[in-house]
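Engineer: run28.pdb is reproduced below (PDB, C-alpha atoms).
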```pdb
ATOM      1  CA  MET A   1      46.202 -15.874 -19.652
ATOM      2  CA  LYS A   2      44.633 -19.331 -19.583
ATOM      3  CA  LYS A   3      45.562 -19.670 -15.905
ATOM      4  CA  VAL A   4      43.885 -16.331 -15.151
ATOM      5  CA  LEU A   5      40.686 -17.325 -16.989
ATOM      6  CA  LYS A   6      40.719 -20.712 -15.255
ATOM      7  CA  PHE A   7      41.101 -19.012 -11.859
ATOM      8  CA  ILE A   8      38.260 -16.599 -12.637
ATOM      9  CA  GLY A   9      36.068 -19.499 -13.763
ATOM     10  CA  LYS A  10      36.718 -21.470 -10.584
ATOM     11  CA  THR A  11      36.081 -18.383  -8.453
ATOM     12  CA  LEU A  12      32.742 -17.726 -10.145
ATOM     13  CA  LEU A  13      31.794 -21.384  -9.738
ATOM     14  CA  VAL A  14      32.563 -21.257  -6.013
ATOM     15  CA  ILE A  15      30.522 -18.064  -5.659
ATOM     16  CA  LEU A  16      27.566 -19.633  -7.487
ATOM     17  CA  LEU A  17      27.769 -22.762  -5.344
ATOM     18  CA  LEU A  18      27.870 -20.699  -2.149
ATOM     19  CA  LEU A  19      24.908 -18.641  -3.380
ATOM     20  CA  ALA A  20      22.968 -21.817  -4.185
ATOM     21  CA  VAL A  21      23.707 -23.251  -0.725
ATOM     22  CA  PHE A  22      22.692 -19.959   0.897
ATOM     23  CA  LEU A  23      19.380 -19.800  -1.014
ATOM     24  CA  LEU A  24      18.650 -23.450  -0.256
ATOM     25  CA  ALA A  25      19.314 -22.870   3.451
ATOM     26  CA  MET A  26      17.141 -19.736   3.439
ATOM     27  CA  THR A  27      14.323 -21.589   1.669
ATOM     28  CA  VAL A  28      14.354 -24.404   4.233
ATOM     29  CA  TYR A  29      14.482 -21.859   7.070
ATOM     30  CA  ASN A  30      11.587 -19.959   5.470
ATOM     31  CA  ILE A  31       9.465 -23.128   5.297
ATOM     32  CA  ILE A  32      10.150 -23.866   8.967
ATOM     33  CA  MET A  33       9.380 -20.297  10.059
ATOM     34  CA  THR A  34       6.228 -20.146   7.909
ATOM     35  CA  LYS A  35       4.793 -23.141   9.768
ATOM     36  CA  LYS A  36       5.897 -21.707  13.104
ATOM     37  CA  GLU A  37       4.358 -18.304  12.344
ATOM     38  CA  ALA A  38       1.018 -19.644  11.065
ATOM     39  CA  PRO A  39      -0.803 -19.145  14.425
ATOM     40  CA  LEU A  40       0.123 -15.435  14.349
ATOM     41  CA  LEU A  41      -2.105 -14.960  11.306
ATOM     42  CA  GLU A  42      -5.092 -16.136  13.332
ATOM     43  CA  LYS A  43      -4.645 -13.408  15.968
ATOM     44  CA  ASN A  44      -6.407 -10.731  13.990
ATOM     45  CA  PHE A  45      -5.579  -7.084  14.661
ATOM     46  CA  GLY A  46      -8.858  -5.536  13.570
ATOM     47  CA  GLN A  47     -12.324  -6.712  12.570
ATOM     48  CA  LEU A  48     -13.031  -9.356   9.946
ATOM     49  CA  VAL A  49     -16.139  -8.711   7.839
ATOM     50  CA  GLU A  50     -17.554 -10.853   5.060
ATOM     51  CA  VAL A  51     -17.367  -9.302   1.599
ATOM     52  CA  ASP A  52     -18.170 -11.257  -1.563
ATOM     53  CA  GLY A  53     -17.946 -14.530   0.336
ATOM     54  CA  ALA A  54     -14.534 -13.965   1.956
ATOM     55  CA  ASN A  55     -13.158 -12.204   5.035
ATOM     56  CA  MET A  56     -11.746  -8.704   4.759
ATOM     57  CA  ASN A  57      -9.977  -6.984   7.659
ATOM     58  CA  ILE A  58     -10.807  -3.475   8.837
ATOM     59  CA  TYR A  59      -8.908  -1.846  11.699
ATOM     60  CA  SER A  60     -10.483   1.124  13.457
ATOM     61  CA  ALA A  61      -9.652   3.312  16.427
ATOM     62  CA  GLY A  62     -10.282   6.756  17.852
ATOM     63  CA  ASP A  63     -13.335   8.934  18.163
ATOM     64  CA  GLY A  64     -14.523  12.091  16.470
ATOM     65  CA  ASP A  65     -16.823  13.652  13.927
ATOM     66  CA  HIS A  66     -14.594  12.760  10.951
ATOM     67  CA  THR A  67     -13.170   9.456   9.741
ATOM     68  CA  VAL A  68      -9.775   9.127   8.048
ATOM     69  CA  VAL A  69      -9.535   5.946   5.989
ATOM     70  CA  PHE A  70      -6.035   4.703   5.149
ATOM     71  CA  MET A  71      -5.576   2.787   1.888
ATOM     72  CA  ALA A  72      -2.264   1.022   1.273
ATOM     73  CA  GLY A  73      -0.297   1.036  -1.955
ATOM     74  CA  TRP A  74       0.209  -2.028  -4.126
ATOM     75  CA  GLY A  75       2.200  -4.794  -2.480
ATOM     76  CA  THR A  76       2.331  -3.240   1.004
ATOM     77  CA  PRO A  77       2.015  -6.484   3.009
ATOM     78  CA  SER A  78       0.543  -5.194   6.271
ATOM     79  CA  PRO A  79      -1.427  -1.942   5.927
ATOM     80  CA  VAL A  80      -2.414  -1.886   9.620
ATOM     81  CA  TYR A  81       1.219  -1.801  10.729
ATOM     82  CA  ASP A  82       2.365   0.247   7.727
ATOM     83  CA  PHE A  83       0.106   3.180   8.675
ATOM     84  CA  LYS A  84       0.771   2.940  12.418
ATOM     85  CA  PRO A  85       2.876   6.154  12.527
ATOM     86  CA  LEU A  86      -0.163   8.124  11.307
ATOM     87  CA  SER A  87      -3.057   6.176  12.815
ATOM     88  CA  ASP A  88      -1.523   6.291  16.314
ATOM     89  CA  ARG A  89      -1.088  10.066  16.100
ATOM     90  CA  LEU A  90      -4.592  10.761  14.752
ATOM     91  CA  ALA A  91      -6.698   8.446  16.927
ATOM     92  CA  ASP A  92      -6.909  11.072  19.685
ATOM     93  CA  SER A  93      -8.618  13.604  17.415
ATOM     94  CA  CYS A  94     -10.720  11.641  14.901
ATOM     95  CA  ASN A  95     -11.852   8.193  13.835
ATOM     96  CA  VAL A  96      -9.232   6.260  11.911
ATOM     97  CA  ALA A  97      -9.728   3.146   9.815
ATOM     98  CA  VAL A  98      -7.330   1.013   7.803
ATOM     99  CA  ILE A  99      -8.592  -1.074   4.894
ATOM    100  CA  GLU A 100      -6.790  -4.361   4.265
ATOM    101  CA  LYS A 101      -7.879  -5.486   0.815
ATOM    102  CA  PHE A 102      -8.004  -9.150  -0.073
ATOM    103  CA  GLY A 103      -4.499 -10.631  -0.066
ATOM    104  CA  TYR A 104      -3.189  -7.996   2.357
ATOM    105  CA  GLY A 105      -2.694  -8.166   6.106
ATOM    106  CA  PHE A 106      -5.177 -10.441   7.858
ATOM    107  CA  SER A 107      -7.611 -10.537   4.920
ATOM    108  CA  ASP A 108      -8.312 -13.671   2.879
ATOM    109  CA  GLU A 109      -7.018 -14.478  -0.564
ATOM    110  CA  LYS A 110      -9.750 -13.897  -3.157
ATOM    111  CA  PRO A 111     -10.163 -15.410  -6.607
ATOM    112  CA  GLY A 112     -11.973 -13.440  -9.282
ATOM    113  CA  ALA A 113     -11.861  -9.900 -10.606
ATOM    114  CA  ARG A 114      -9.427  -7.376  -9.132
ATOM    115  CA  ASP A 115     -10.323  -4.411 -11.338
ATOM    116  CA  PHE A 116     -10.511  -1.072  -9.561
ATOM    117  CA  ASP A 117     -14.298  -0.764  -9.632
ATOM    118  CA  THR A 118     -14.405  -4.069  -7.760
ATOM    119  CA  LEU A 119     -11.789  -2.839  -5.277
ATOM    120  CA  VAL A 120     -13.741   0.354  -4.567
ATOM    121  CA  ASN A 121     -17.007  -1.490  -4.025
ATOM    122  CA  GLN A 122     -15.338  -4.019  -1.732
ATOM    123  CA  ASP A 123     -13.758  -1.165   0.251
ATOM    124  CA  ARG A 124     -17.165   0.490   0.646
ATOM    125  CA  GLU A 125     -18.936  -2.676   1.670
ATOM    126  CA  ALA A 126     -16.234  -3.637   4.175
ATOM    127  CA  LEU A 127     -16.382  -0.253   5.899
ATOM    128  CA  LYS A 128     -20.183  -0.342   6.095
ATOM    129  CA  LYS A 129     -20.187  -3.862   7.534
ATOM    130  CA  ALA A 130     -17.585  -2.779  10.079
ATOM    131  CA  GLY A 131     -19.993  -0.041  11.193
ATOM    132  CA  ILE A 132     -17.829   2.801   9.852
ATOM    133  CA  LYS A 133     -20.157   5.275   8.212
ATOM    134  CA  ALA A 134     -19.485   7.729   5.375
ATOM    135  CA  PRO A 135     -18.441  10.386   4.615
ATOM    136  CA  TYR A 136     -14.737   9.573   4.718
ATOM    137  CA  ILE A 137     -11.456  11.412   4.363
ATOM    138  CA  LEU A 138      -9.610   8.961   2.125
ATOM    139  CA  CYS A 139      -5.878   8.727   2.712
ATOM    140  CA  PRO A 140      -4.425   6.570  -0.088
ATOM    141  CA  HIS A 141      -0.800   5.746  -0.730
ATOM    142  CA  SER A 142       0.627   5.070  -4.190
ATOM    143  CA  MET A 143      -1.590   2.915  -6.452
ATOM    144  CA  SER A 144      -4.585   3.028  -4.116
ATOM    145  CA  GLY A 145      -4.880   6.653  -5.213
ATOM    146  CA  LEU A 146      -6.716   5.314  -8.255
ATOM    147  CA  GLU A 147      -9.326   3.787  -5.940
ATOM    148  CA  ALA A 148      -9.703   7.071  -4.054
ATOM    149  CA  ILE A 149     -10.171   9.182  -7.186
ATOM    150  CA  LEU A 150     -12.703   6.704  -8.636
ATOM    151  CA  TRP A 151     -14.502   6.618  -5.286
ATOM    152  CA  ALA A 152     -14.819  10.407  -5.211
ATOM    153  CA  GLN A 153     -15.932  10.513  -8.856
ATOM    154  CA  LYS A 154     -18.613   7.833  -8.511
ATOM    155  CA  TYR A 155     -19.764   8.389  -4.918
ATOM    156  CA  PRO A 156     -18.966  12.038  -4.096
ATOM    157  CA  ASP A 157     -21.308  12.131  -1.099
ATOM    158  CA  GLU A 158     -19.142   9.475   0.594
ATOM    159  CA  VAL A 159     -15.851  11.374   0.273
ATOM    160  CA  GLU A 160     -15.290  14.654   2.106
ATOM    161  CA  GLY A 161     -11.547  14.797   1.538
ATOM    162  CA  ILE A 162      -8.552  13.092  -0.084
ATOM    163  CA  ILE A 163      -5.083  13.095   1.480
ATOM    164  CA  GLY A 164      -2.870  11.727  -1.291
ATOM    165  CA  LEU A 165       0.389  10.114  -0.163
ATOM    166  CA  ASP A 166       2.432  10.253  -3.379
ATOM    167  CA  ILE A 167      -0.428   8.590  -5.253
ATOM    168  CA  THR A 168      -0.462   7.051  -8.703
ATOM    169  CA  LEU A 169      -2.567   8.945 -11.247
ATOM    170  CA  PRO A 170      -3.282   8.576 -14.958
ATOM    171  CA  ASP A 171      -0.475  10.227 -16.951
ATOM    172  CA  SER A 172       1.690  10.668 -13.821
ATOM    173  CA  ALA A 173       4.253   8.372 -15.492
ATOM    174  CA  ASP A 174       4.710   6.381 -18.703
ATOM    175  CA  PHE A 175       3.366   3.135 -17.263
ATOM    176  CA  GLU A 176       3.105   1.404 -20.647
ATOM    177  CA  SER A 177       6.885   1.517 -21.012
ATOM    178  CA  MET A 178       7.358   0.246 -17.448
ATOM    179  CA  GLY A 179       5.889  -3.203 -18.081
ATOM    180  CA  TRP A 180       9.290  -4.853 -17.778
ATOM    181  CA  LEU A 181       9.906  -3.078 -14.459
ATOM    182  CA  ILE A 182       6.554  -4.244 -13.096
ATOM    183  CA  ASP A 183       7.323  -7.801 -14.227
ATOM    184  CA  LEU A 184      10.754  -7.631 -12.583
ATOM    185  CA  SER A 185       9.274  -6.272  -9.359
ATOM    186  CA  THR A 186       6.662  -9.044  -9.327
ATOM    187  CA  TRP A 187       9.304 -11.721  -9.934
ATOM    188  CA  PHE A 188      11.572 -10.384  -7.187
ATOM    189  CA  SER A 189       8.692 -10.202  -4.714
ATOM    190  CA  LYS A 190       7.750 -13.826  -5.388
ATOM    191  CA  PHE A 191      11.428 -14.802  -5.172
ATOM    192  CA  GLN A 192      11.681 -13.192  -1.743
ATOM    193  CA  GLY A 193       8.526 -14.923  -0.559
ATOM    194  CA  VAL A 194       9.622 -18.389  -1.691
ATOM    195  CA  THR A 195      13.258 -18.193  -0.564
ATOM    196  CA  GLY A 196      12.692 -16.089   2.554
ATOM    197  CA  VAL A 197      15.303 -13.529   1.511
ATOM    198  CA  PHE A 198      12.966 -10.818   2.804
ATOM    199  CA  ARG A 199      13.772 -12.052   6.319
ATOM    200  CA  ILE A 200      17.293 -10.620   6.146
ATOM    201  CA  LEU A 201      16.311  -7.340   4.490
ATOM    202  CA  PRO A 202      15.543  -4.219   6.576
ATOM    203  CA  ASP A 203      11.889  -3.514   7.281
ATOM    204  CA  GLU A 204      10.915   0.068   8.134
ATOM    205  CA  CYS A 205       8.036  -1.168  10.306
ATOM    206  CA  SER A 206      10.650  -2.249  12.857
ATOM    207  CA  GLU A 207      11.106   1.440  13.745
ATOM    208  CA  TRP A 208       7.606   1.678  15.265
ATOM    209  CA  CYS A 209       6.640  -1.959  15.900
ATOM    210  CA  SER A 210       7.642  -4.048  18.899
ATOM    211  CA  ASP A 211       9.587  -7.292  18.483
ATOM    212  CA  THR A 212       6.339  -9.220  19.008
ATOM    213  CA  GLU A 213       4.550  -7.151  16.361
ATOM    214  CA  MET A 214       7.427  -7.669  13.934
ATOM    215  CA  LYS A 215       6.948 -11.429  14.164
ATOM    216  CA  THR A 216       3.400 -10.901  12.924
ATOM    217  CA  VAL A 217       4.606  -8.484  10.234
ATOM    218  CA  ARG A 218       7.047 -11.115   8.915
ATOM    219  CA  ALA A 219       4.329 -13.778   8.864
ATOM    220  CA  ILE A 220       2.044 -11.455   6.909
ATOM    221  CA  THR A 221       4.872 -10.401   4.584
ATOM    222  CA  ARG A 222       5.718 -13.999   3.656
ATOM    223  CA  ARG A 223       2.116 -14.641   2.620
ATOM    224  CA  ALA A 224       1.671 -11.329   0.793
ATOM    225  CA  LEU A 225       4.828 -11.778  -1.296
ATOM    226  CA  THR A 226       3.324 -14.885  -2.890
ATOM    227  CA  SER A 227      -0.251 -13.573  -3.133
ATOM    228  CA  GLU A 228      -1.745 -13.875  -6.614
ATOM    229  CA  THR A 229      -4.675 -11.784  -5.347
ATOM    230  CA  ILE A 230      -2.314  -8.830  -4.942
ATOM    231  CA  TYR A 231      -0.498  -9.336  -8.237
ATOM    232  CA  ARG A 232      -3.759  -9.420 -10.212
ATOM    233  CA  GLU A 233      -4.466  -5.795  -9.256
ATOM    234  CA  PHE A 234      -2.107  -4.693 -12.036
ATOM    235  CA  ASP A 235      -4.423  -6.277 -14.594
ATOM    236  CA  GLY A 236      -6.922  -3.439 -14.166
ATOM    237  CA  ILE A 237      -4.625  -0.446 -13.944
ATOM    238  CA  PHE A 238      -5.061   0.820 -17.525
ATOM    239  CA  ASP A 239      -8.848   0.413 -17.412
ATOM    240  CA  ALA A 240      -8.785   2.497 -14.225
ATOM    241  CA  PHE A 241      -6.762   5.183 -16.021
ATOM    242  CA  ASP A 242      -9.334   5.323 -18.833
ATOM    243  CA  GLU A 243     -12.290   5.429 -16.440
ATOM    244  CA  ILE A 244     -10.807   8.274 -14.390
ATOM    245  CA  LYS A 245      -9.974  10.291 -17.517
ATOM    246  CA  SER A 246     -13.512   9.806 -18.877
ATOM    247  CA  ALA A 247     -15.034  11.919 -16.074
ATOM    248  CA  PRO A 248     -14.207  15.249 -14.412
ATOM    249  CA  LEU A 249     -11.718  15.069 -11.562
ATOM    250  CA  PRO A 250     -13.392  15.389  -8.142
ATOM    251  CA  LYS A 251     -13.949  18.751  -6.473
ATOM    252  CA  THR A 252     -13.177  17.136  -3.142
ATOM    253  CA  PRO A 253     -10.859  19.104  -0.797
ATOM    254  CA  THR A 254      -7.403  17.598  -1.020
ATOM    255  CA  ILE A 255      -3.775  17.651   0.016
ATOM    256  CA  GLN A 256      -1.416  15.965  -2.444
ATOM    257  CA  TYR A 257       1.957  15.001  -0.956
ATOM    258  CA  ILE A 258       4.785  14.430  -3.424
ATOM    259  CA  SER A 259       7.882  12.438  -2.477
ATOM    260  CA  GLY A 260      11.415  13.602  -3.089
ATOM    261  CA  GLN A 261      11.927  10.937  -5.746
ATOM    262  CA  ASN A 262       8.914  12.154  -7.762
ATOM    263  CA  LYS A 263       8.980  15.918  -7.332
ATOM    264  CA  GLU A 264      11.486  16.249 -10.193
ATOM    265  CA  SER A 265       9.116  14.444 -12.585
ATOM    266  CA  GLU A 266       7.197  16.907 -14.747
ATOM    267  CA  ASP A 267       4.500  14.317 -15.544
ATOM    268  CA  TRP A 268       4.017  13.469 -11.865
ATOM    269  CA  ILE A 269       3.701  17.126 -10.839
ATOM    270  CA  THR A 270       1.365  17.981 -13.739
ATOM    271  CA  ALA A 271      -0.984  15.080 -12.969
ATOM    272  CA  HIS A 272      -1.206  15.995  -9.282
ATOM    273  CA  GLN A 273      -1.598  19.692 -10.010
ATOM    274  CA  ALA A 274      -4.659  18.824 -12.094
ATOM    275  CA  VAL A 275      -6.218  17.123  -9.047
ATOM    276  CA  VAL A 276      -5.389  20.145  -6.876
ATOM    277  CA  ASP A 277      -6.770  22.613  -9.444
ATOM    278  CA  SER A 278     -10.024  20.647  -9.721
ATOM    279  CA  SER A 279     -10.501  20.689  -5.948
ATOM    280  CA  ASP A 280     -12.612  23.303  -4.173
ATOM    281  CA  ASN A 281      -9.799  23.560  -1.644
ATOM    282  CA  GLY A 282      -6.590  21.850  -2.687
ATOM    283  CA  LYS A 283      -2.867  22.146  -2.221
ATOM    284  CA  MET A 284       0.292  20.275  -3.150
ATOM    285  CA  VAL A 285       3.115  19.658  -0.694
ATOM    286  CA  LEU A 286       6.598  18.738  -1.919
ATOM    287  CA  LEU A 287       8.604  16.576   0.473
ATOM    288  CA  ASP A 288      12.243  15.484   0.584
ATOM    289  CA  CYS A 289      11.776  11.815   1.398
ATOM    290  CA  GLY A 290      11.081   8.427  -0.145
ATOM    291  CA  HIS A 291       7.898   7.152  -1.786
ATOM    292  CA  TYR A 292       6.483   5.889   1.526
ATOM    293  CA  VAL A 293       6.107   9.469   2.728
ATOM    294  CA  HIS A 294       4.144   8.408   5.829
ATOM    295  CA  HIS A 295       7.204   6.486   7.030
ATOM    296  CA  TYR A 296       9.326   9.616   7.077
ATOM    297  CA  ASP A 297       7.289  12.817   7.494
ATOM    298  CA  TYR A 298       4.518  11.354   9.654
ATOM    299  CA  GLU A 299       4.781  14.121  12.249
ATOM    300  CA  ARG A 300       4.130  16.827   9.681
ATOM    301  CA  ILE A 301       1.490  14.838   7.787
ATOM    302  CA  SER A 302      -0.481  13.973  10.934
ATOM    303  CA  GLU A 303      -0.524  17.634  11.998
ATOM    304  CA  ASP A 304      -1.563  18.675   8.471
ATOM    305  CA  ILE A 305      -4.444  16.193   8.560
ATOM    306  CA  LYS A 306      -5.645  17.606  11.894
ATOM    307  CA  GLN A 307      -5.569  21.092  10.366
ATOM    308  CA  PHE A 308      -7.335  19.774   7.252
ATOM    309  CA  ILE A 309     -10.119  18.366   9.451
ATOM    310  CA  SER A 310     -10.480  21.633  11.382
ATOM    311  CA  GLU A 311     -10.938  23.498   8.085
ATOM    312  CA  LEU A 312     -13.656  21.059   7.011
ATOM    313  CA  GLU A 313     -15.538  22.002  10.175
TER
END
```
Starting from the file, lay out its structure as structure tokens.

Structural biologist:
Amino acid sequence: MKKVLKFIGKTLLVILLLLAVFLLAMTVYNIIMTKKEAPLLEKNFGQLVEVDGANMNIYSAGDGDHTVVFMAGWGTPSPVYDFKPLSDRLADSCNVAVIEKFGYGFSDEKPGARDFDTLVNQDREALKKAGIKAPYILCPHSMSGLEAILWAQKYPDEVEGIIGLDITLPDSADFESMGWLIDLSTWFSKFQGVTGVFRILPDECSEWCSDTEMKTVRAITRRALTSETIYREFDGIFDAFDEIKSAPLPKTPTIQYISGQNKESEDWITAHQAVVDSSDNGKMVLLDCGHYVHHYDYERISEDIKQFISELE
């Protein structure tokens, strides 16, 4: 028995040593690649505008009487490339814009408040300075849904539609009990950014980005994974919940897409149904795919958005 335990102990020690060597090698490689990739971050894909003393990136394309504004979920490193499956398919029928908040994509890091009222006002100012005029059809994913709902509540004349991509809403989940999960997710993201482990993990953007574009995506991802600007957004999530619940939900026309992983959640469905019921013209669409619904059902979603726009007219 002692021999067995001794063998197991030695085996575990060898595994730990190999893991340590692997992580050390990855960290060194990550440092080298970070320096090599630095020039890629200076080749901006979009338009930099000054907001609150720092540069914020806005990508725009297309032409039309309506403007669809894509808003990335928390921690999505490169919104411009993340939304490419939709923006490429819509640019022939309407204006499209992608907001890259501070800490994301080509935008600067930003000290100071990251509450959701601040995020909304920075979004609005960035679009105006980029020459993209309201009203907008907001297309938020995940946690940026809070920004979209607040935007429509506070500035209804600026929002003519909301296309929700499996968005976070007050009461859509028990977020207070998920604090440990958020902490774990934050730790793992920082771990990936420091060690470079993300470089060996699959990235869905590779399905629609060229090899050259993926080099830029990796450079952006490395920076975003260690961005305190991004992580501070969680500090204001419960205040955003309270603010949204203190006012009527918007009457804005809406489509609310629900991912396969959330459509079995009663709280998630109930929260989104409330948004649909409040809308003058709303519907909910249940999908059988992951949380990043625009990575999977982009053909259907892009066609739905075109139909949505035609109904607005």

Engineer: In Å to one decimal, how far is CA of Ala72 in chain A from CA of Lys101 in chain A?

Structural biologist: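 We find that CA of Lys101 in chain A and CA of Ala72 in chain A lie 8.6 Å from each other.
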
Engineer: Quick one: apply the PyMOL selection byres ((chain A and resi 132) around 10) to the file and drop the selected residues here as a PyMOL selection string.

Structural biologist: chain A and resi 58+60+67+69+95-97+124-131+133-136

Engineer: Given only C-alpha atoms as the basis, pick out the residue of A:Tyr292, A:Tyr257, A:Trp151, A:Trp187 nearest to Asp304 in chain A.

Structural biologist: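 Among A:Tyr292, A:Tyr257, A:Trp151, A:Trp187, it is A:Tyr257 that comes nearest to Asp304 in chain A.
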
Engineer: Specify as JSON, numbers by chain each residue included when the PyMOL selection byres ((chain A and resi 12-27) around 10) is applied to this file.

Structural biologist: {"A": [6, 7, 8, 9, 10, 11, 28, 29, 30, 31, 32, 33, 192, 193, 194, 195, 196, 197, 198, 199, 200]}

Engineer: Which residue is closest to Leu86 in chain A? Choose from A:Cys139, A:Met56, A:Ala247, A:Leu184 and count all atoms listed in the file.

Structural biologist: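 Among the listed residues, the smallest separation from Leu86 in chain A belongs to A:Cys139.
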
Engineer: Give me, as a Markdown table, the closest atom pair and its distance (Å, one decimal) for every residue of range 16-59 of chain A within a cut-off of 12 Å of range 206-215 of chain A, counting all atoms listed in the file, rows sorted by chain and rising number.

Structural biologist:
```
| residue | atom | partner | partner_atom | distance |
| --- | --- | --- | --- | --- |
| A:Met33 | CA | A:Lys215 | CA | 10.1 |
| A:Thr34 | CA | A:Lys215 | CA | 10.8 |
| A:Lys36 | CA | A:Lys215 | CA | 10.4 |
| A:Glu37 | CA | A:Lys215 | CA | 7.6 |
| A:Ala38 | CA | A:Lys215 | CA | 10.6 |
| A:Pro39 | CA | A:Lys215 | CA | 10.9 |
| A:Leu40 | CA | A:Lys215 | CA | 7.9 |
| A:Leu41 | CA | A:Lys215 | CA | 10.1 |
| A:Lys43 | CA | A:Glu213 | CA | 11.1 |
| A:Asn44 | CA | A:Glu213 | CA | 11.8 |
| A:Phe45 | CA | A:Glu213 | CA | 10.3 |
```

Engineer: Expanded to explicit residues, what is the PyMOL selection byres ((chain A and resi 267) around 12) for this file, as a PyMOL selection string?

Structural biologist: chain A and resi 168-175+262-266+268-274

Engineer: Between A:Cys205, A:Ile255, A:Ile137, A:Val217, which is the closest to Lys84 in chain A once you count all atoms listed in the file?

Structural biologist: A:Cys205

Engineer: Would you give the centre and edge lengths, in Å to one decimal, of a box along x, y and z around the listed atoms of range 280-292 of chain A, with 8 Å added to each side, as lines of an AutoDock Vina configuration file?

Structural biologist:
```
center_x = -0.2
center_y = 14.7
center_z = -1.3
size_x = 40.9
size_y = 33.7
size_z = 21.7
```

Engineer: For CA of Val49 in chain A and CA of Lys35 in chain A, quote the distance in Å rounded to one decimal.

Structural biologist: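 Separation of CA of Val49 in chain A and CA of Lys35 in chain A: 25.5 Å.
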
Engineer: With 6 Å as the threshold, what does the neighbourhood of (6.1, -8.3, 1.7) contain in terms of residues, counting all atoms listed in the file? Coordinates are those of the file; answer as an MDAnalysis selection string.

Structural biologist: chainID A and resid 77 221 224:225

Engineer: Rank A:Glu147, A:Asp123, A:Glu176, A:Asp117 by their smallest atom-to-atom distance to Phe238 in chain A, using only C-alpha atoms, and report the top residue only.

Structural biologist: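 Of all the options, A:Glu176 lies closest to Phe238 in chain A.
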
Engineer: Go ahead and compute the interatomic distance for CA of Ala240 in chain A and CA of Glu228 in chain A, in Å to one decimal.

Structural biologist: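 Computed distance, CA of Ala240 in chain A to CA of Glu228 in chain A, equals 19.4 Å.
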
Engineer: Using only C-alpha atoms, which of A:Val68, A:Thr186, A:Tyr59, A:Glu311 sits nearest Ser227 in chain A?

Structural biologist: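 Residue with the minimum atom-to-atom distance to Ser227 in chain A: A:Thr186.
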
Engineer: Could you tell me which of A:Phe102, A:Phe308, A:Tyr231, A:Phe83 comes closest to Pro253 in chain A if we count only C-alpha atoms?

Structural biologist: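 Under the stated criterion, the closest residue is A:Phe308.
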